file start-v6.txt (compact mmCIF, C-alpha atoms)
# COMPACT_ATOMS: atom_id res chain seq x y z
CA MET N 8 21.09 32.80 -1.93
CA VAL N 9 18.03 32.88 -4.22
CA ALA N 10 15.57 30.24 -3.05
CA SER N 11 13.56 27.67 -4.92
CA TYR N 12 10.43 27.88 -2.84
CA ILE N 13 8.52 24.86 -1.68
CA GLY N 14 4.75 25.20 -1.78
CA ILE N 15 4.61 28.97 -1.48
CA SER N 16 2.83 31.49 -3.65
CA SER N 17 4.53 34.65 -2.45
CA LEU N 18 7.28 35.72 -0.09
CA ASN N 19 8.47 39.23 0.60
CA SER N 20 12.20 39.77 0.91
CA SER N 21 13.69 42.42 3.15
CA CYS N 22 16.95 42.36 1.25
CA PHE N 23 18.14 45.66 -0.26
CA PRO N 24 19.58 46.27 -2.76
CA PRO N 25 17.70 43.65 -4.82
CA ARG N 26 19.49 40.37 -5.30
CA PRO N 27 19.59 39.40 -8.97
CA CYS N 28 18.72 35.93 -10.14
CA PHE N 29 21.52 33.64 -11.22
CA ALA N 30 21.58 33.64 -14.98
CA LYS N 31 24.26 31.00 -15.22
CA ARG N 32 25.79 28.66 -12.72
CA LYS N 33 29.55 28.36 -12.45
CA PRO N 34 31.00 24.85 -12.80
CA PHE N 35 31.42 23.09 -9.49
CA ALA N 36 34.15 20.55 -8.89
CA GLY N 37 33.30 18.74 -5.68
CA LYS N 38 35.42 16.25 -3.79
CA VAL N 39 33.03 13.34 -3.64
CA SER N 40 29.82 12.22 -5.22
CA ILE N 41 26.90 10.58 -3.50
CA ILE N 42 25.66 7.82 -5.76
CA GLN N 43 22.58 6.54 -4.04
CA TRP N 44 20.20 7.77 -1.40
CA HIS N 45 17.99 5.39 0.55
CA VAL N 46 15.30 7.04 2.64
CA ALA N 47 12.78 5.16 4.75
CA LEU N 48 9.38 6.71 4.11
CA ASN N 49 7.29 4.54 6.43
CA SER N 50 8.24 6.15 9.75
CA ASP N 51 9.93 9.30 10.94
CA ASP N 52 11.87 7.19 13.41
CA ALA N 53 13.16 5.04 10.57
CA TYR N 54 14.51 7.99 8.62
CA SER N 55 17.99 7.33 7.35
CA ILE N 56 20.25 8.24 4.46
CA SER N 57 23.07 6.13 3.16
CA PHE N 58 25.49 7.05 0.46
CA CYS N 59 28.52 5.78 -1.35
CA ALA N 60 31.38 8.23 -1.91
CA VAL N 61 33.43 7.97 -5.08
CA LYS N 62 35.70 10.25 -7.04
CA PHE N 63 33.88 13.03 -8.79
CA GLY N 64 32.83 12.25 -12.32
CA SER N 65 32.72 8.50 -11.84
CA LEU N 66 28.97 8.09 -11.55
CA PRO N 67 28.08 4.90 -13.41
CA VAL N 68 26.06 5.43 -16.57
CA SER N 69 23.34 2.89 -17.14
CA ALA N 70 22.33 2.10 -20.69
CA ALA N 71 18.92 1.17 -19.32
CA MET N 72 18.31 4.48 -17.52
CA SER N 73 14.63 5.34 -17.44
CA ASP N 74 13.32 8.16 -19.61
CA ASP N 75 11.55 9.50 -16.49
CA PRO N 76 13.51 8.55 -13.37
CA ILE N 77 11.55 11.03 -11.23
CA SER N 78 8.18 9.42 -11.89
CA ASP N 79 9.71 5.96 -11.62
CA TRP N 80 11.03 6.72 -8.13
CA ILE N 81 7.75 8.28 -6.97
CA LEU N 82 5.80 5.24 -8.23
CA SER N 83 8.11 2.75 -6.56
CA GLU N 84 10.14 3.88 -3.55
CA GLY N 85 7.84 6.85 -3.06
CA ASN N 86 4.99 4.41 -2.37
CA ALA N 87 2.63 6.06 -4.86
CA THR N 88 0.54 4.14 -7.39
CA GLN N 89 -0.66 7.17 -9.34
CA ILE N 90 0.62 10.67 -10.12
CA THR N 91 -2.51 12.79 -10.30
CA ARG N 92 -1.01 16.14 -11.21
CA THR N 93 2.23 18.04 -11.72
CA SER N 94 2.47 21.82 -11.54
CA PRO N 95 5.32 24.35 -11.77
CA ILE N 96 6.43 26.29 -8.68
CA GLY N 97 8.05 29.69 -9.04
CA GLY N 98 10.56 31.55 -6.91
CA GLY N 99 13.89 30.10 -7.93
CA CYS N 100 16.32 31.18 -10.62
CA ILE N 101 18.93 28.42 -10.61
CA ASN N 102 16.64 25.40 -10.93
CA ASN N 103 13.23 24.46 -12.23
CA ALA N 104 10.76 23.33 -9.58
CA ARG N 105 7.57 21.30 -9.75
CA ARG N 106 5.03 19.85 -7.37
CA TYR N 107 4.03 16.22 -7.94
CA ASP N 108 0.65 15.29 -6.45
CA THR N 109 0.05 11.58 -5.92
CA ASP N 110 -2.22 9.19 -4.09
CA ALA N 111 0.56 8.90 -1.49
CA GLY N 112 0.89 12.65 -0.94
CA SER N 113 2.83 15.43 -2.65
CA PHE N 114 6.52 15.68 -3.54
CA PHE N 115 8.67 18.68 -4.37
CA VAL N 116 11.08 18.18 -7.27
CA LYS N 117 13.89 20.43 -8.49
CA THR N 118 15.71 19.83 -11.76
CA ASN N 119 18.73 21.41 -13.39
CA ARG N 120 19.44 20.55 -17.02
CA GLY N 121 22.92 22.06 -17.00
CA ILE N 122 24.74 20.30 -14.20
CA GLY N 123 25.18 16.81 -12.80
CA PRO N 124 24.02 15.60 -9.37
CA SER N 125 26.85 17.27 -7.40
CA MET N 126 24.90 20.38 -6.41
CA PHE N 127 21.79 18.48 -5.34
CA GLU N 128 23.87 15.88 -3.51
CA GLY N 129 25.37 18.64 -1.39
CA GLU N 130 21.91 20.09 -0.75
CA ALA N 131 20.48 16.70 0.19
CA LEU N 132 23.30 15.94 2.59
CA GLY N 133 22.81 19.32 4.24
CA LEU N 134 19.04 18.92 4.52
CA GLY N 135 19.48 15.41 5.89
CA SER N 136 21.98 16.59 8.49
CA MET N 137 19.64 19.36 9.67
CA TYR N 138 16.65 17.03 9.68
CA GLU N 139 18.47 14.52 11.88
CA THR N 140 18.90 17.11 14.64
CA ARG N 141 15.09 16.97 15.16
CA THR N 142 15.03 20.67 16.01
CA ILE N 143 13.82 22.91 13.19
CA ARG N 144 11.69 21.84 10.27
CA VAL N 145 13.39 21.32 6.91
CA PRO N 146 12.16 19.47 3.81
CA ARG N 147 13.28 15.83 3.94
CA PRO N 148 15.42 14.83 0.94
CA PHE N 149 14.37 11.56 -0.67
CA LYS N 150 16.26 11.03 -3.91
CA VAL N 151 19.04 12.58 -6.00
CA GLY N 152 19.95 11.36 -9.45
CA PRO N 153 20.98 12.15 -13.04
CA LEU N 154 18.53 12.95 -15.83
CA PRO N 155 18.80 10.80 -18.97
CA THR N 156 19.30 13.79 -21.29
CA GLY N 157 21.79 15.50 -18.99
CA GLY N 158 21.43 17.38 -15.74
CA SER N 159 20.06 16.16 -12.44
CA TYR N 160 17.13 16.18 -10.06
CA ILE N 161 16.25 16.05 -6.37
CA VAL N 162 13.01 14.75 -4.89
CA MET N 163 12.08 15.97 -1.42
CA GLU N 164 9.21 16.46 0.94
CA PHE N 165 6.59 18.96 -0.13
CA ILE N 166 5.79 21.45 2.64
CA GLU N 167 2.67 23.58 2.40
CA PHE N 168 3.77 27.00 3.59
CA GLY N 169 1.75 29.35 5.76
CA ALA N 170 1.01 33.00 5.08
CA SER N 171 4.00 34.43 6.95
CA ARG N 172 7.56 33.69 8.02
CA GLY N 173 6.29 32.70 11.44
CA ASN N 174 7.27 33.79 14.92
CA GLN N 175 10.75 35.34 15.17
CA SER N 176 11.39 34.12 18.70
CA VAL N 177 10.46 30.55 17.80
CA LEU N 178 12.78 30.72 14.80
CA GLY N 179 15.62 32.00 16.99
CA ARG N 180 15.10 29.29 19.60
CA LYS N 181 14.85 26.43 17.13
CA LEU N 182 17.88 27.63 15.15
CA ALA N 183 19.89 27.73 18.38
CA GLU N 184 18.67 24.24 19.25
CA MET N 185 19.93 23.02 15.87
CA HIS N 186 23.33 24.61 16.49
CA LYS N 187 23.46 23.04 19.94
CA ALA N 188 22.46 19.57 18.72
CA GLY N 189 24.43 19.46 15.47
CA LYS N 190 28.09 19.03 16.36
CA SER N 191 31.01 17.42 14.53
CA GLU N 192 33.99 15.52 15.89
CA LYS N 193 35.82 16.04 12.58
CA GLY N 194 36.33 19.76 13.09
CA PHE N 195 35.16 22.58 10.85
CA GLY N 196 33.93 21.78 7.35
CA PHE N 197 31.57 19.27 5.78
CA ASP N 198 31.69 15.86 4.13
CA VAL N 199 31.28 17.42 0.68
CA ASP N 200 31.97 20.74 -0.96
CA ASN N 201 28.77 22.55 -1.88
CA THR N 202 27.71 25.94 -3.19
CA ILE N 203 26.77 29.34 -1.78
CA GLY N 204 24.41 30.57 -4.45
CA SER N 205 26.31 29.54 -7.56
CA THR N 206 29.77 29.94 -6.02
CA PRO N 207 31.66 26.80 -4.99
CA GLN N 208 31.99 26.56 -1.22
CA ILE N 209 35.03 24.57 -0.08
CA ASN N 210 34.47 22.51 3.05
CA THR N 211 37.76 20.71 3.64
CA TRP N 212 37.84 19.51 7.25
CA THR N 213 40.05 21.76 9.38
CA SER N 214 40.74 21.57 13.10
CA ASP N 215 41.12 25.34 13.61
CA TRP N 216 38.22 27.72 12.95
CA ILE N 217 40.32 30.80 12.25
CA GLU N 218 42.32 28.84 9.67
CA PHE N 219 39.16 27.41 8.09
CA TYR N 220 37.35 30.73 7.87
CA GLY N 221 40.41 32.61 6.71
CA LYS N 222 41.30 30.11 3.97
CA HIS N 223 38.06 28.53 2.77
CA ARG N 224 35.70 31.45 3.25
CA LEU N 225 37.38 34.88 3.11
CA GLY N 226 40.53 33.77 1.31
CA TYR N 227 38.60 31.89 -1.36
CA GLN N 228 36.34 34.87 -2.09
CA LEU N 229 39.27 37.30 -2.14
CA LYS N 230 41.06 35.13 -4.70
CA LEU N 231 37.91 35.05 -6.83
CA ALA N 232 37.76 38.86 -6.77
CA LEU N 233 41.39 39.04 -7.84
CA ASN N 234 40.95 36.52 -10.65
CA GLN N 235 37.61 37.87 -11.87
CA TYR N 236 38.11 41.62 -11.58
CA GLY N 237 41.85 42.02 -11.11
CA ASP N 238 40.96 43.74 -7.83
CA SER N 239 44.36 43.73 -6.16
CA THR N 240 43.32 46.38 -3.62
CA ILE N 241 40.56 44.36 -2.00
CA TYR N 242 42.68 41.22 -2.31
CA GLN N 243 45.75 42.65 -0.58
CA LYS N 244 43.82 44.45 2.16
CA GLY N 245 41.59 41.43 2.68
CA LYS N 246 44.58 39.11 3.00
CA ARG N 247 46.09 41.46 5.55
CA LEU N 248 42.88 41.24 7.57
CA VAL N 249 42.86 37.44 7.38
CA LYS N 250 46.44 37.32 8.61
CA ASN N 251 45.68 39.56 11.59
CA MET N 252 42.10 38.72 12.61
CA ALA N 253 42.95 36.26 15.43
CA PRO N 254 42.45 38.86 18.23
CA LEU N 255 38.76 39.01 17.33
CA PHE N 256 38.40 35.43 18.59
CA GLN N 257 40.29 35.65 21.87
CA ASN N 258 38.78 34.30 25.09
CA ILE N 259 35.86 32.48 23.47
CA VAL N 260 34.95 28.85 22.87
CA ILE N 261 34.32 27.96 19.23
CA GLU N 262 32.64 24.62 18.59
CA PRO N 263 31.84 23.19 15.14
CA CYS N 264 28.06 23.65 14.95
CA LEU N 265 25.88 22.58 12.05
CA LEU N 266 25.02 25.75 10.11
CA HIS N 267 22.38 26.32 7.46
CA GLY N 268 24.97 28.58 5.82
CA ASP N 269 22.75 30.86 3.71
CA LEU N 270 20.04 32.07 6.05
CA TRP N 271 18.41 35.02 4.34
CA SER N 272 14.72 35.92 4.14
CA GLY N 273 14.11 33.91 0.96
CA ASN N 274 15.23 30.72 2.70
CA ILE N 275 13.00 31.16 5.75
CA SER N 276 9.28 30.47 5.97
CA SER N 277 6.74 28.65 8.14
CA ASP N 278 4.43 25.71 7.67
CA LYS N 279 0.63 25.81 7.94
CA ASN N 280 0.91 25.46 11.72
CA GLY N 281 3.19 28.49 11.98
CA GLU N 282 6.31 26.45 12.74
CA PRO N 283 9.47 27.87 11.13
CA VAL N 284 10.91 26.15 8.07
CA ILE N 285 14.36 26.72 6.60
CA LEU N 286 15.44 25.50 3.18
CA ASP N 287 17.99 25.73 0.35
CA PRO N 288 21.01 25.37 2.65
CA ALA N 289 24.75 25.71 2.12
CA CYS N 290 25.55 23.58 5.17
CA TYR N 291 28.83 23.12 6.98
CA TYR N 292 30.06 22.88 10.56
CA GLY N 293 31.33 26.23 11.78
CA HIS N 294 31.23 28.91 14.47
CA ASN N 295 27.57 29.45 15.33
CA GLU N 296 27.95 33.24 14.92
CA ALA N 297 28.72 32.73 11.22
CA GLU N 298 25.05 31.80 10.76
CA PHE N 299 24.21 35.50 11.05
CA GLY N 300 26.38 36.46 8.08
CA MET N 301 23.29 37.10 5.94
CA SER N 302 21.50 39.06 8.69
CA TRP N 303 21.62 42.19 6.51
CA CYS N 304 19.22 40.34 4.23
CA ALA N 305 17.23 38.29 6.75
CA GLY N 306 15.24 40.76 8.83
CA PHE N 307 16.14 39.26 12.21
CA GLY N 308 14.72 41.33 15.05
CA GLY N 309 15.35 41.65 18.76
CA SER N 310 12.99 38.80 19.67
CA PHE N 311 14.93 36.48 17.35
CA TYR N 312 18.28 37.23 18.97
CA ASN N 313 16.90 37.18 22.53
CA ALA N 314 15.44 33.72 22.01
CA TYR N 315 18.56 32.48 20.27
CA PHE N 316 20.92 33.60 23.04
CA GLU N 317 18.75 31.99 25.70
CA VAL N 318 19.80 28.64 24.21
CA MET N 319 23.23 29.56 22.84
CA PRO N 320 24.59 32.31 25.13
CA LYS N 321 26.25 35.30 23.55
CA GLN N 322 30.03 35.22 23.91
CA PRO N 323 32.35 38.15 24.64
CA GLY N 324 33.18 40.25 21.60
CA PHE N 325 30.11 39.19 19.60
CA GLU N 326 29.48 42.71 18.31
CA LYS N 327 33.11 43.10 17.21
CA ARG N 328 32.94 39.87 15.21
CA ARG N 329 29.59 40.47 13.56
CA GLU N 330 30.89 42.14 10.44
CA ILE N 331 33.68 39.62 9.86
CA TYR N 332 30.87 37.18 9.07
CA LEU N 333 28.96 39.67 6.94
CA LEU N 334 32.14 40.12 4.91
CA TYR N 335 32.06 36.60 3.46
CA HIS N 336 28.61 37.16 1.98
CA TYR N 337 29.32 40.68 0.74
CA LEU N 338 32.40 39.33 -1.03
CA ASN N 339 30.32 36.54 -2.53
CA HIS N 340 27.75 39.04 -3.77
CA TYR N 341 30.55 41.14 -5.23
CA ASN N 342 31.87 38.13 -7.10
CA LEU N 343 28.43 37.10 -8.30
CA PHE N 344 26.73 40.40 -9.05
CA GLY N 345 29.44 43.00 -9.51
CA SER N 346 30.65 46.30 -8.17
CA SER N 347 27.52 47.44 -6.31
CA TYR N 348 28.58 45.19 -3.41
CA ARG N 349 32.28 46.10 -3.45
CA SER N 350 31.97 49.21 -1.30
CA SER N 351 30.27 47.30 1.52
CA ALA N 352 32.99 44.66 1.53
CA MET N 353 35.77 47.24 1.30
CA SER N 354 34.31 49.30 4.12
CA ILE N 355 34.25 46.28 6.44
CA ILE N 356 37.84 45.42 5.60
CA ASP N 357 39.05 48.99 6.15
CA ASP N 358 37.21 49.27 9.47
CA TYR N 359 38.77 46.06 10.77
CA LEU N 360 42.25 47.04 9.66
CA LEU N 361 41.82 50.30 11.57
CA MET N 362 40.40 48.54 14.63
CA LEU N 363 43.22 45.98 14.68
CA GLY N 364 45.88 48.58 13.94
CA VAL N 365 47.40 46.70 11.01
call {"tool": "encode", "arguments": {"input": "start-v6.txt", "output": "structure tokens"}}
result
Amino acid sequence: MVASYIGISSLNSSCFPPRPCFAKRKPFAGKVSIIQWHVALNSDDAYSISFCAVKFGSLPVSAAMSDDPISDWILSEGNATQITRTSPIGGGCINNARRYDTDAGSFFVKTNRGIGPSMFEGEALGLGSMYETRTIRVPRPFKVGPLPTGGSYIVMEFIEFGASRGNQSVLGRKLAEMHKAGKSEKGFGFDVDNTIGSTPQINTWTSDWIEFYGKHRLGYQLKLALNQYGDSTIYQKGKRLVKNMAPLFQNIVIEPCLLHGDLWSGNISSDKNGEPVILDPACYYGHNEAEFGMSWCAGFGGSFYNAYFEVMPKQPGFEKRREIYLLYHYLNHYNLFGSSYRSSAMSIIDDYLLMLGV
């Protein structure tokens, strides 16, 4: 959803209608919590993340917690001896963002005073998973932790962005390479629940894609619309679509590919060398076509898709399935921002019900 930009002064979005900023984040109840991240900074080849999973809410509280854990980490595990400057970075609406310049390089830090480490832990695990594919550039996550006065922070690599979003065909090829390299033997889902914008995104491991997408993506959003707006029409029609959408997936192979999960124009840029960079993910393992669910707000062109399908060939029925993946994000926008997105979601549902004859 709305990005917290890393080292960028301006970025034009092709998303219409405008996407409002998140004024308030909904509570998120995740399944597990990542207590500690250890990242080797000395060598790219030595890059690793380890974590300990515990029940949510059981993070140990230390009476001796530093008043400034961010600076403490930078000046110890971050290999810096001096912080020379800190400066605010704009672009995000959920979190505050700052650049820390040091004698060991620059770091990008996001903080949120209203929520514990769960959201940033999910982001860090997603960034780390994408980074480990060695395909497309993402900011390396270094440290996630609680703030002493409440809230949380994440320290990650600072990337100096270039003047544009980079080459579309290179982006398409590298994204496809990530999908091809990032596979899961656990099925569809992710090791933690995370968020799509400010909406909880449930990632319970599931062996069947249609079941996963129907229950944890469309079904979850439909239930939110019913609970939030009392919208029984979209709920009942949407549930009918979920129950009958299996024919859309006939005669294709669906593998659990690592997805960015929220790939819109605000989460895509390029570094100073013109190489594409993607950030602020909502990662999970899913059908690769689901990655295009935000295409209405991403500005992908023909060169992007041509390069992508050279690596990950287009499967039969791709065009018929396209809008089933748009639907998840239109429903999420409806739940987050209100009725201006309802008609788009309802139109997709009605069209599919007519197409499927149900």
call {"tool": "atom_distance", "arguments": {"input": "start-v6.txt", "atom1": "CA of Ser350 (chain N)", "atom2": "CA of Pro254 (chain N)"}}
result
24.5 Å
call {"tool": "closest_residue", "arguments": {"input": "start-v6.txt", "among": "N:Tyr348, N:Asp79, N:Met353, N:Ser159", "to": "Ser239 (chain N)", "atoms": "all atoms listed in the file"}}
result
N:Met353
call {"tool": "atom_distance", "arguments": {"input": "start-v6.txt", "atom1": "CA of Asp269 (chain N)", "atom2": "CA of Tyr292 (chain N)"}}
result
12.8 Å
call {"tool": "closest_residue", "arguments": {"input": "start-v6.txt", "among": "N:Leu233, N:Ile101, N:Ile241, N:Ala289", "to": "Glu130 (chain N)", "atoms": "only C-alpha atoms"}}
result
N:Ala289
call {"tool": "closest_residue", "arguments": {"input": "start-v6.txt", "among": "N:Ser205, N:Asn251, N:Asn174, N:Thr142", "to": "Ile122 (chain N)", "atoms": "all atoms listed in the file"}}
result
N:Ser205
call {"tool": "residues_near_point", "arguments": {"input": "start-v6.txt", "point": "(18.6, 11.8, -16.1)", "cutoff": "12 Å", "atoms": "all atoms listed in the file", "output": "PyMOL selection string"}}
result
chain N and resi 66+68-79+118-124+151-161
call {"tool": "write_last_selection", "arguments": {"input": "start-v6.txt", "atoms": "C-alpha atoms", "output": "CSV table (one decimal), keeping the file's coordinate frame"}}
result
chain,number,residue,atom,x,y,z
N,66,LEU,CA,29.0,8.1,-11.6
N,68,VAL,CA,26.1,5.4,-16.6
N,69,SER,CA,23.3,2.9,-17.1
N,70,ALA,CA,22.3,2.1,-20.7
N,71,ALA,CA,18.9,1.2,-19.3
N,72,MET,CA,18.3,4.5,-17.5
N,73,SER,CA,14.6,5.3,-17.4
N,74,ASP,CA,13.3,8.2,-19.6
N,75,ASP,CA,11.6,9.5,-16.5
N,76,PRO,CA,13.5,8.6,-13.4
N,77,ILE,CA,11.6,11.0,-11.2
N,78,SER,CA,8.2,9.4,-11.9
N,79,ASP,CA,9.7,6.0,-11.6
N,118,THR,CA,15.7,19.8,-11.8
N,119,ASN,CA,18.7,21.4,-13.4
N,120,ARG,CA,19.4,20.6,-17.0
N,121,GLY,CA,22.9,22.1,-17.0
N,122,ILE,CA,24.7,20.3,-14.2
N,123,GLY,CA,25.2,16.8,-12.8
N,124,PRO,CA,24.0,15.6,-9.4
N,151,VAL,CA,19.0,12.6,-6.0
N,152,GLY,CA,20.0,11.4,-9.4
N,153,PRO,CA,21.0,12.2,-13.0
N,154,LEU,CA,18.5,13.0,-15.8
N,155,PRO,CA,18.8,10.8,-19.0
N,156,THR,CA,19.3,13.8,-21.3
N,157,GLY,CA,21.8,15.5,-19.0
N,158,GLY,CA,21.4,17.4,-15.7
N,159,SER,CA,20.1,16.2,-12.4
N,160,TYR,CA,17.1,16.2,-10.1
N,161,ILE,CA,16.2,16.0,-6.4
call {"tool": "closest_residue", "arguments": {"input": "start-v6.txt", "among": "N:Ile261, N:Ile285, N:Leu255, N:Leu270", "to": "Gly306 (chain N)", "atoms": "all atoms listed in the file"}}
result
N:Leu270
call {"tool": "residues_around", "arguments": {"input": "start-v6.txt", "residues": "Lys222 (chain N)", "least_positions_apart": "6", "cutoff": "12 Å", "atoms": "only C-alpha atoms", "output": "ChimeraX atom specification"}}
result
/N:195-196,208-213,215-216,228-230,245-246,248-250,335
call {"tool": "closest_residue", "arguments": {"input": "start-v6.txt", "among": "N:Val284, N:Ala183, N:Leu231, N:Val199", "to": "Phe299 (chain N)", "atoms": "all atoms listed in the file"}}
result
N:Ala183
call {"tool": "atom_distance", "arguments": {"input": "start-v6.txt", "atom1": "CA of Arg105 (chain N)", "atom2": "CA of Ser125 (chain N)"}}
result
19.8 Å
call {"tool": "residues_around", "arguments": {"input": "start-v6.txt", "residues": "Glu192 (chain N)", "least_positions_apart": "4", "cutoff": "10 Å", "atoms": "all atoms listed in the file", "output": "NGL selection string"}}
result
:N and (214 or 262-263 or 292)
call {"tool": "closest_residue", "arguments": {"input": "start-v6.txt", "among": "N:Arg106, N:Arg224, N:Lys321, N:His267", "to": "Leu333 (chain N)", "atoms": "all atoms listed in the file"}}
result
N:Arg224
